[in-house]
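Dumped upload_37.txt below, it's compact mmCIF, N, CA and C atoms:
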# COMPACT_ATOMS: atom_id res chain seq x y z
N MET S 1104 -35.20 -19.74 -24.90
CA MET S 1104 -35.35 -18.76 -23.85
C MET S 1104 -35.27 -19.40 -22.47
N HIS S 1105 -35.41 -20.72 -22.40
CA HIS S 1105 -35.36 -21.37 -21.09
C HIS S 1105 -33.98 -21.27 -20.46
N GLU S 1106 -32.95 -20.93 -21.26
CA GLU S 1106 -31.62 -20.77 -20.69
C GLU S 1106 -31.55 -19.61 -19.70
N LEU S 1107 -32.43 -18.61 -19.85
CA LEU S 1107 -32.44 -17.49 -18.90
C LEU S 1107 -32.78 -18.00 -17.50
N ALA S 1108 -33.86 -18.76 -17.37
CA ALA S 1108 -34.26 -19.30 -16.07
C ALA S 1108 -33.21 -20.27 -15.54
N ILE S 1109 -32.67 -21.09 -16.43
CA ILE S 1109 -31.62 -22.03 -16.04
C ILE S 1109 -30.40 -21.29 -15.52
N THR S 1110 -30.01 -20.23 -16.23
CA THR S 1110 -28.83 -19.46 -15.83
C THR S 1110 -29.07 -18.76 -14.50
N GLN S 1111 -30.28 -18.27 -14.27
CA GLN S 1111 -30.59 -17.67 -12.97
C GLN S 1111 -30.39 -18.69 -11.86
N SER S 1112 -30.83 -19.91 -12.10
CA SER S 1112 -30.66 -20.97 -11.10
C SER S 1112 -29.19 -21.33 -10.92
N ILE S 1113 -28.45 -21.42 -12.00
CA ILE S 1113 -27.01 -21.73 -11.92
C ILE S 1113 -26.30 -20.66 -11.11
N LEU S 1114 -26.61 -19.40 -11.38
CA LEU S 1114 -25.97 -18.30 -10.67
C LEU S 1114 -26.30 -18.37 -9.18
N LYS S 1115 -27.54 -18.63 -8.84
CA LYS S 1115 -27.92 -18.74 -7.42
C LYS S 1115 -27.18 -19.88 -6.75
N ILE S 1116 -27.12 -21.03 -7.41
CA ILE S 1116 -26.39 -22.18 -6.86
C ILE S 1116 -24.93 -21.82 -6.64
N ALA S 1117 -24.32 -21.17 -7.64
CA ALA S 1117 -22.90 -20.82 -7.54
C ALA S 1117 -22.65 -19.82 -6.42
N LEU S 1118 -23.48 -18.80 -6.32
CA LEU S 1118 -23.30 -17.79 -5.27
C LEU S 1118 -23.50 -18.40 -3.88
N ASP S 1119 -24.51 -19.24 -3.75
CA ASP S 1119 -24.76 -19.91 -2.47
C ASP S 1119 -23.60 -20.83 -2.09
N ALA S 1120 -23.10 -21.59 -3.07
CA ALA S 1120 -22.01 -22.53 -2.81
C ALA S 1120 -20.71 -21.81 -2.49
N ALA S 1121 -20.47 -20.68 -3.15
CA ALA S 1121 -19.23 -19.93 -2.91
C ALA S 1121 -19.23 -19.33 -1.50
N GLY S 1122 -20.38 -19.00 -1.00
CA GLY S 1122 -20.49 -18.48 0.36
C GLY S 1122 -19.86 -17.12 0.53
N GLN S 1123 -19.64 -16.77 1.77
CA GLN S 1123 -19.13 -15.45 2.12
C GLN S 1123 -17.61 -15.36 2.02
N HIS S 1124 -16.94 -16.49 1.91
CA HIS S 1124 -15.47 -16.47 1.94
C HIS S 1124 -14.85 -16.33 0.56
N ALA S 1125 -15.59 -16.54 -0.48
CA ALA S 1125 -15.04 -16.43 -1.84
C ALA S 1125 -15.03 -14.96 -2.25
N ARG S 1126 -13.93 -14.57 -2.89
CA ARG S 1126 -13.84 -13.21 -3.41
C ARG S 1126 -14.34 -13.15 -4.85
N ARG S 1127 -14.15 -14.27 -5.57
CA ARG S 1127 -14.50 -14.28 -6.98
C ARG S 1127 -14.77 -15.71 -7.44
N ILE S 1128 -15.76 -15.86 -8.30
CA ILE S 1128 -15.99 -17.13 -8.97
C ILE S 1128 -15.40 -17.02 -10.36
N ARG S 1129 -14.41 -17.85 -10.65
CA ARG S 1129 -13.74 -17.81 -11.95
C ARG S 1129 -14.43 -18.69 -12.99
N ALA S 1130 -14.89 -19.87 -12.56
CA ALA S 1130 -15.49 -20.81 -13.50
C ALA S 1130 -16.60 -21.58 -12.82
N ILE S 1131 -17.62 -21.89 -13.61
CA ILE S 1131 -18.72 -22.74 -13.17
C ILE S 1131 -18.72 -23.94 -14.11
N ARG S 1132 -18.49 -25.12 -13.53
CA ARG S 1132 -18.39 -26.34 -14.35
C ARG S 1132 -19.71 -27.09 -14.32
N LEU S 1133 -20.24 -27.34 -15.51
CA LEU S 1133 -21.51 -28.04 -15.66
C LEU S 1133 -21.28 -29.42 -16.25
N THR S 1134 -22.12 -30.35 -15.89
CA THR S 1134 -22.17 -31.68 -16.51
C THR S 1134 -23.53 -31.79 -17.17
N LEU S 1135 -23.51 -32.10 -18.46
CA LEU S 1135 -24.74 -32.14 -19.24
C LEU S 1135 -24.90 -33.46 -19.96
N GLY S 1136 -26.12 -33.94 -20.03
CA GLY S 1136 -26.44 -35.06 -20.89
C GLY S 1136 -26.74 -34.51 -22.28
N PRO S 1137 -26.57 -35.32 -23.31
CA PRO S 1137 -26.80 -34.83 -24.67
C PRO S 1137 -28.24 -34.41 -24.95
N PHE S 1138 -29.19 -34.84 -24.12
CA PHE S 1138 -30.59 -34.45 -24.28
C PHE S 1138 -31.05 -33.53 -23.16
N SER S 1139 -30.14 -32.84 -22.50
CA SER S 1139 -30.50 -31.93 -21.42
C SER S 1139 -31.21 -30.69 -21.95
N GLY S 1140 -30.98 -30.35 -23.19
CA GLY S 1140 -31.60 -29.16 -23.76
C GLY S 1140 -30.89 -27.87 -23.40
N VAL S 1141 -29.73 -27.96 -22.77
CA VAL S 1141 -29.00 -26.77 -22.34
C VAL S 1141 -27.90 -26.46 -23.36
N VAL S 1142 -27.86 -25.20 -23.81
CA VAL S 1142 -26.84 -24.75 -24.75
C VAL S 1142 -25.83 -23.91 -23.97
N PRO S 1143 -24.62 -24.44 -23.73
CA PRO S 1143 -23.65 -23.72 -22.90
C PRO S 1143 -23.35 -22.30 -23.36
N ASP S 1144 -23.30 -22.05 -24.67
CA ASP S 1144 -23.02 -20.69 -25.15
C ASP S 1144 -24.13 -19.71 -24.75
N CYS S 1145 -25.37 -20.17 -24.76
CA CYS S 1145 -26.49 -19.33 -24.33
C CYS S 1145 -26.41 -19.07 -22.83
N VAL S 1146 -26.08 -20.09 -22.06
CA VAL S 1146 -25.92 -19.92 -20.62
C VAL S 1146 -24.83 -18.89 -20.34
N GLN S 1147 -23.73 -18.96 -21.08
CA GLN S 1147 -22.63 -18.00 -20.89
C GLN S 1147 -23.11 -16.59 -21.19
N MET S 1148 -23.86 -16.43 -22.27
CA MET S 1148 -24.35 -15.11 -22.65
C MET S 1148 -25.23 -14.51 -21.54
N TYR S 1149 -26.15 -15.30 -21.01
CA TYR S 1149 -27.00 -14.82 -19.93
C TYR S 1149 -26.21 -14.58 -18.64
N LEU S 1150 -25.25 -15.46 -18.36
CA LEU S 1150 -24.44 -15.28 -17.15
C LEU S 1150 -23.67 -13.97 -17.20
N ASP S 1151 -23.15 -13.63 -18.37
CA ASP S 1151 -22.40 -12.38 -18.52
C ASP S 1151 -23.25 -11.18 -18.11
N VAL S 1152 -24.55 -11.24 -18.36
CA VAL S 1152 -25.46 -10.15 -18.01
C VAL S 1152 -25.91 -10.25 -16.55
N LEU S 1153 -26.35 -11.43 -16.16
CA LEU S 1153 -26.93 -11.62 -14.82
C LEU S 1153 -25.91 -11.47 -13.69
N ALA S 1154 -24.66 -11.80 -13.95
CA ALA S 1154 -23.65 -11.81 -12.89
C ALA S 1154 -23.00 -10.45 -12.65
N LYS S 1155 -23.32 -9.46 -13.46
CA LYS S 1155 -22.72 -8.13 -13.27
C LYS S 1155 -22.96 -7.64 -11.84
N GLY S 1156 -21.88 -7.18 -11.22
CA GLY S 1156 -21.98 -6.66 -9.86
C GLY S 1156 -21.91 -7.71 -8.77
N THR S 1157 -21.73 -8.98 -9.16
CA THR S 1157 -21.61 -10.06 -8.17
C THR S 1157 -20.21 -10.63 -8.23
N ILE S 1158 -19.89 -11.54 -7.31
CA ILE S 1158 -18.57 -12.17 -7.34
C ILE S 1158 -18.43 -13.14 -8.52
N ALA S 1159 -19.52 -13.38 -9.23
CA ALA S 1159 -19.47 -14.26 -10.41
C ALA S 1159 -19.28 -13.47 -11.70
N GLU S 1160 -19.16 -12.17 -11.61
CA GLU S 1160 -18.95 -11.37 -12.82
C GLU S 1160 -17.65 -11.82 -13.50
N GLY S 1161 -17.75 -12.12 -14.78
CA GLY S 1161 -16.59 -12.60 -15.54
C GLY S 1161 -16.37 -14.10 -15.48
N ALA S 1162 -17.20 -14.82 -14.73
CA ALA S 1162 -17.04 -16.28 -14.62
C ALA S 1162 -17.29 -16.93 -15.98
N LYS S 1163 -16.59 -18.01 -16.22
CA LYS S 1163 -16.72 -18.76 -17.47
C LYS S 1163 -17.48 -20.05 -17.20
N ILE S 1164 -18.35 -20.38 -18.13
CA ILE S 1164 -19.05 -21.66 -18.09
C ILE S 1164 -18.18 -22.70 -18.77
N GLU S 1165 -17.91 -23.79 -18.08
CA GLU S 1165 -17.18 -24.92 -18.66
C GLU S 1165 -18.12 -26.12 -18.60
N ALA S 1166 -18.48 -26.62 -19.78
CA ALA S 1166 -19.47 -27.71 -19.84
C ALA S 1166 -18.82 -29.00 -20.33
N ARG S 1167 -19.19 -30.07 -19.67
CA ARG S 1167 -18.76 -31.42 -20.06
C ARG S 1167 -20.02 -32.20 -20.41
N THR S 1168 -20.02 -32.80 -21.60
CA THR S 1168 -21.18 -33.58 -22.02
C THR S 1168 -20.91 -35.05 -21.78
N LEU S 1169 -21.84 -35.68 -21.09
CA LEU S 1169 -21.74 -37.11 -20.81
C LEU S 1169 -22.13 -37.91 -22.05
N PRO S 1170 -21.66 -39.13 -22.16
CA PRO S 1170 -22.09 -39.97 -23.28
C PRO S 1170 -23.54 -40.41 -23.10
N LEU S 1171 -24.18 -40.71 -24.21
CA LEU S 1171 -25.54 -41.23 -24.19
C LEU S 1171 -25.46 -42.74 -24.03
N ARG S 1172 -26.02 -43.26 -22.92
CA ARG S 1172 -26.00 -44.70 -22.64
C ARG S 1172 -27.38 -45.27 -22.91
N VAL S 1173 -27.39 -46.40 -23.60
CA VAL S 1173 -28.65 -47.07 -23.95
C VAL S 1173 -28.52 -48.57 -23.70
N GLN S 1174 -29.67 -49.21 -23.57
CA GLN S 1174 -29.71 -50.66 -23.54
C GLN S 1174 -30.60 -51.11 -24.70
N CYS S 1175 -30.07 -52.02 -25.50
CA CYS S 1175 -30.81 -52.54 -26.64
C CYS S 1175 -31.87 -53.51 -26.15
N ARG S 1176 -33.10 -53.28 -26.59
CA ARG S 1176 -34.19 -54.17 -26.20
C ARG S 1176 -34.14 -55.48 -26.98
N ALA S 1177 -33.44 -55.49 -28.11
CA ALA S 1177 -33.35 -56.70 -28.94
C ALA S 1177 -32.31 -57.69 -28.41
N CYS S 1178 -31.11 -57.17 -28.08
CA CYS S 1178 -30.04 -58.09 -27.66
C CYS S 1178 -29.58 -57.89 -26.22
N GLY S 1179 -30.04 -56.82 -25.56
CA GLY S 1179 -29.69 -56.59 -24.17
C GLY S 1179 -28.38 -55.85 -23.95
N GLN S 1180 -27.64 -55.57 -25.00
CA GLN S 1180 -26.34 -54.90 -24.90
C GLN S 1180 -26.50 -53.48 -24.34
N VAL S 1181 -25.66 -53.12 -23.37
CA VAL S 1181 -25.59 -51.75 -22.87
C VAL S 1181 -24.42 -51.09 -23.58
N SER S 1182 -24.70 -49.93 -24.19
CA SER S 1182 -23.67 -49.26 -25.00
C SER S 1182 -23.75 -47.76 -24.84
N GLU S 1183 -22.68 -47.10 -25.24
CA GLU S 1183 -22.67 -45.65 -25.39
C GLU S 1183 -22.81 -45.39 -26.89
N ILE S 1184 -23.75 -44.53 -27.24
CA ILE S 1184 -23.94 -44.22 -28.65
C ILE S 1184 -23.86 -42.72 -28.87
N ASP S 1185 -23.81 -42.34 -30.11
CA ASP S 1185 -23.77 -40.96 -30.54
C ASP S 1185 -25.16 -40.58 -31.02
N ARG S 1186 -25.58 -39.35 -30.81
CA ARG S 1186 -26.91 -38.92 -31.25
C ARG S 1186 -27.09 -39.04 -32.75
N ARG S 1187 -26.01 -39.05 -33.49
CA ARG S 1187 -26.09 -39.16 -34.95
C ARG S 1187 -26.18 -40.61 -35.41
N HIS S 1188 -25.85 -41.55 -34.55
CA HIS S 1188 -25.87 -42.98 -34.88
C HIS S 1188 -26.70 -43.70 -33.82
N ILE S 1189 -27.99 -43.75 -34.03
CA ILE S 1189 -28.89 -44.26 -32.99
C ILE S 1189 -29.28 -45.71 -33.24
N ALA S 1190 -28.28 -46.54 -33.36
CA ALA S 1190 -28.52 -47.98 -33.50
C ALA S 1190 -27.58 -48.72 -32.56
N CYS S 1191 -28.01 -49.88 -32.13
CA CYS S 1191 -27.18 -50.71 -31.26
C CYS S 1191 -25.90 -51.09 -32.00
N PRO S 1192 -24.73 -50.83 -31.42
CA PRO S 1192 -23.48 -51.20 -32.07
C PRO S 1192 -23.30 -52.71 -32.19
N ALA S 1193 -23.99 -53.47 -31.35
CA ALA S 1193 -23.83 -54.93 -31.37
C ALA S 1193 -24.70 -55.60 -32.45
N CYS S 1194 -25.99 -55.17 -32.55
CA CYS S 1194 -26.89 -55.88 -33.47
C CYS S 1194 -27.56 -54.99 -34.51
N GLY S 1195 -27.41 -53.66 -34.37
CA GLY S 1195 -27.99 -52.74 -35.34
C GLY S 1195 -29.44 -52.34 -35.07
N SER S 1196 -30.06 -52.89 -34.04
CA SER S 1196 -31.44 -52.55 -33.72
C SER S 1196 -31.55 -51.10 -33.28
N VAL S 1197 -32.69 -50.49 -33.59
CA VAL S 1197 -32.95 -49.13 -33.11
C VAL S 1197 -33.99 -49.15 -31.97
N ASP S 1198 -34.31 -50.32 -31.49
CA ASP S 1198 -35.22 -50.46 -30.35
C ASP S 1198 -34.40 -50.35 -29.06
N LEU S 1199 -34.14 -49.11 -28.68
CA LEU S 1199 -33.22 -48.82 -27.58
C LEU S 1199 -33.95 -48.16 -26.41
N HIS S 1200 -33.50 -48.50 -25.21
CA HIS S 1200 -33.99 -47.87 -23.98
C HIS S 1200 -32.88 -46.94 -23.49
N ARG S 1201 -33.20 -45.65 -23.36
CA ARG S 1201 -32.20 -44.68 -22.92
C ARG S 1201 -31.95 -44.83 -21.42
N LEU S 1202 -30.70 -45.00 -21.03
CA LEU S 1202 -30.31 -45.12 -19.62
C LEU S 1202 -29.82 -43.79 -19.06
N SER S 1203 -29.35 -42.91 -19.93
CA SER S 1203 -28.87 -41.60 -19.50
C SER S 1203 -29.05 -40.63 -20.66
N GLY S 1204 -28.86 -39.36 -20.36
CA GLY S 1204 -28.92 -38.38 -21.42
C GLY S 1204 -29.54 -37.05 -21.04
N ARG S 1205 -30.31 -37.02 -19.95
CA ARG S 1205 -30.97 -35.77 -19.55
C ARG S 1205 -30.28 -35.09 -18.36
N GLU S 1206 -29.12 -35.56 -17.97
CA GLU S 1206 -28.43 -35.02 -16.80
C GLU S 1206 -28.12 -33.53 -16.99
N PHE S 1207 -28.18 -32.81 -15.88
CA PHE S 1207 -27.81 -31.41 -15.87
C PHE S 1207 -27.48 -31.03 -14.43
N LEU S 1208 -26.21 -30.76 -14.16
CA LEU S 1208 -25.86 -30.37 -12.80
C LEU S 1208 -24.66 -29.44 -12.78
N VAL S 1209 -24.62 -28.63 -11.73
CA VAL S 1209 -23.45 -27.80 -11.47
C VAL S 1209 -22.48 -28.71 -10.75
N GLU S 1210 -21.41 -29.07 -11.43
CA GLU S 1210 -20.46 -30.05 -10.88
C GLU S 1210 -19.49 -29.42 -9.90
N SER S 1211 -18.93 -28.25 -10.25
CA SER S 1211 -17.97 -27.62 -9.36
C SER S 1211 -17.77 -26.16 -9.74
N LEU S 1212 -17.08 -25.45 -8.85
CA LEU S 1212 -16.75 -24.04 -9.06
C LEU S 1212 -15.26 -23.88 -8.92
N GLU S 1213 -14.72 -22.91 -9.62
CA GLU S 1213 -13.34 -22.47 -9.37
C GLU S 1213 -13.46 -21.07 -8.78
N VAL S 1214 -12.97 -20.91 -7.56
CA VAL S 1214 -13.12 -19.63 -6.86
C VAL S 1214 -11.78 -19.13 -6.32
N ASP S 1215 -11.73 -17.83 -6.12
CA ASP S 1215 -10.63 -17.21 -5.39
C ASP S 1215 -11.14 -16.91 -3.99
N VAL S 1216 -10.34 -17.29 -2.98
CA VAL S 1216 -10.74 -17.01 -1.60
C VAL S 1216 -9.84 -15.98 -0.97

Could you rewrite the structure in this file as structure tokens?
Amino acid sequence: MHELAITQSILKIALDAAGQHARRIRAIRLTLGPFSGVVPDCVQMYLDVLAKGTIAEGAKIEARTLPLRVQCRACGQVSEIDRRHIACPACGSVDLHRLSGREFLVESLEVDV
């Protein structure tokens, strides 16, 4: 259910960024970390409802997921890993320090002016 509040914030950011000169927002591009907790399909569902009657009505959510970056505490290697394979690719240790993964930002908009 937290996607409702997140989508309200995304819509406000998009409308504010588009300003008075945009006629329509076609796409809202998000950048997400794999542990951001944001489900793009849920955001789209809420946006379809919340944006009715605004210049964002009909806008599509386009999400890009960043890789998960970690540093191995055993060997010091910095690597990108997959959430399904949580071991250091260099030494196999699972004693990892997460360097990224919780990112969540509105990266850009596609608008008609």

- Message: With DSSP run on the backbone, what are the strand (DSSP E) residues within region 1161-1204 of chain S? I'd like them as a count of residues only.
- Response: 18

Enumerate as a PDB file with N, CA and C atoms, in the frame of the given file all residues of region 1129-1184 of chain S assigned to helix (DSSP H, G or I) by DSSP on the backbone, naming them with the chain letters and numbers the document uses.
ATOM      1  N   PRO S1143     -24.620 -24.440 -23.730  1.00  0.00           N
ATOM      2  CA  PRO S1143     -23.650 -23.720 -22.900  1.00  0.00           C
ATOM      3  C   PRO S1143     -23.350 -22.300 -23.360  1.00  0.00           C
ATOM      4  N   ASP S1144     -23.300 -22.050 -24.670  1.00  0.00           N
ATOM      5  CA  ASP S1144     -23.020 -20.690 -25.150  1.00  0.00           C
ATOM      6  C   ASP S1144     -24.130 -19.710 -24.750  1.00  0.00           C
ATOM      7  N   CYS S1145     -25.370 -20.170 -24.760  1.00  0.00           N
ATOM      8  CA  CYS S1145     -26.490 -19.330 -24.330  1.00  0.00           C
ATOM      9  C   CYS S1145     -26.410 -19.070 -22.830  1.00  0.00           C
ATOM     10  N   VAL S1146     -26.080 -20.090 -22.060  1.00  0.00           N
ATOM     11  CA  VAL S1146     -25.920 -19.920 -20.620  1.00  0.00           C
ATOM     12  C   VAL S1146     -24.830 -18.890 -20.340  1.00  0.00           C
ATOM     13  N   GLN S1147     -23.730 -18.960 -21.080  1.00  0.00           N
ATOM     14  CA  GLN S1147     -22.630 -18.000 -20.890  1.00  0.00           C
ATOM     15  C   GLN S1147     -23.110 -16.590 -21.190  1.00  0.00           C
ATOM     16  N   MET S1148     -23.860 -16.430 -22.270  1.00  0.00           N
ATOM     17  CA  MET S1148     -24.350 -15.110 -22.650  1.00  0.00           C
ATOM     18  C   MET S1148     -25.230 -14.510 -21.540  1.00  0.00           C
ATOM     19  N   TYR S1149     -26.150 -15.300 -21.010  1.00  0.00           N
ATOM     20  CA  TYR S1149     -27.000 -14.820 -19.930  1.00  0.00           C
ATOM     21  C   TYR S1149     -26.210 -14.580 -18.640  1.00  0.00           C
ATOM     22  N   LEU S1150     -25.250 -15.460 -18.360  1.00  0.00           N
ATOM     23  CA  LEU S1150     -24.440 -15.280 -17.150  1.00  0.00           C
ATOM     24  C   LEU S1150     -23.670 -13.970 -17.200  1.00  0.00           C
ATOM     25  N   ASP S1151     -23.150 -13.630 -18.370  1.00  0.00           N
ATOM     26  CA  ASP S1151     -22.400 -12.380 -18.520  1.00  0.00           C
ATOM     27  C   ASP S1151     -23.250 -11.180 -18.110  1.00  0.00           C
ATOM     28  N   VAL S1152     -24.550 -11.240 -18.360  1.00  0.00           N
ATOM     29  CA  VAL S1152     -25.460 -10.150 -18.010  1.00  0.00           C
ATOM     30  C   VAL S1152     -25.910 -10.250 -16.550  1.00  0.00           C
ATOM     31  N   LEU S1153     -26.350 -11.430 -16.160  1.00  0.00           N
ATOM     32  CA  LEU S1153     -26.930 -11.620 -14.820  1.00  0.00           C
ATOM     33  C   LEU S1153     -25.910 -11.470 -13.690  1.00  0.00           C
TER      34      LEU S1153
END

Region 1190-1195 of chain S, all listed atoms, 4 Å padding on each side: what axis-aligned box centre and edge lengths in Å to one decimal come out, as lines of an AutoDock Vina configuration file?
center_x = -26.4
center_y = -51.2
center_z = -33.3
size_x = 14.1
size_y = 17.3
size_z = 12.1

- Message: Would you pick out the contacts of Leu1212 (chain S) at 7 Å or less, using all atoms listed in the file, so that residues sharing its chain but fewer than 3 positions from it are not included, and give the list as a list in words?
- Response: Ile1128, Arg1129, Ala1130, Ile1131, Arg1132 and Val1209 of chain S

- Item | For region 1189-1195 of chain S: contacts at 10 Å, only C-alpha atoms, fewer than 2 positions along chain excluded, given as JSON, numbers by chain | {"S": [1171, 1173, 1174, 1175, 1176, 1177, 1178, 1179, 1180, 1181, 1182, 1183, 1184, 1185, 1186, 1187, 1197, 1198, 1199]}

- Item | Separation of CA of Arg1126 (chain S) from atom C of Asp1144 (chain S), in Å and rounded to one decimal | 24.6 Å

- Message: Using only N, CA and C atoms, which protein or nucleic acid residues come within 7 Å of Arg1127 (chain S)? Drop anything in the same chain fewer than 2 positions from it, and give the result as a list of chain:residue names.
- Response: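 Counting only N, CA and C atoms, the residues come to S:His1124, S:Ala1125, S:Arg1129, S:Ala1130, S:Thr1157, S:Ile1158, S:Ala1159, S:Glu1160, S:Glu1213, S:Val1214, S:Asp1215, S:Val1216.
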
- Query: Which of these, S:Val1141, S:Leu1208, S:Ala1120, S:Leu1114, has the shortest distance to Leu1153 (chain S) once you count only N, CA and C atoms?
  - Reply: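 Looking only at the distances to Leu1153 (chain S), the closest residue turns out to be S:Leu1114.
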
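Picture a line from atom N of Gln1111 (chain S) to atom C of Arg1172 (chain S); it runs 28.5 Å.
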
- Task: Please indicate the distance in Å from atom C of Lys1115 (chain S) to CA of Leu1202 (chain S), rounded to one decimal place.
- Result: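 Between atom C of Lys1115 (chain S) and CA of Leu1202 (chain S) the gap is 28.5 Å.
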
- Query: List as a PyMOL selection string: which residues have an atom within 6 Å of (-15.5, -26.3, -17.0), counting all atoms listed in the file?
  - Reply: chain S and resi 1131-1133+1164-1167

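Using only C-alpha atoms for every distance, the candidate list S:Gly1140, S:Tyr1149, S:Ser1196, S:Thr1134 yields S:Tyr1149 as the residue closest to Ser1112 (chain S).
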
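Of the residues under consideration (S:Pro1170, S:Gly1136, S:Leu1107, S:Leu1118), S:Leu1107 shows the shortest atom-to-atom contact distance to Leu1150 (chain S) when counting all atoms listed in the file.
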
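Minimum atom-to-atom distance to Ser1203 (chain S), evaluated using only C-alpha atoms, belongs to S:Leu1135 out of S:Met1148, S:Val1142, S:Leu1135, S:Ala1162.
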
- Counting only C-alpha atoms, the option among S:His1188, S:Lys1155, S:Val1146, S:Phe1138 closest to Glu1206 (chain S): S:Phe1138
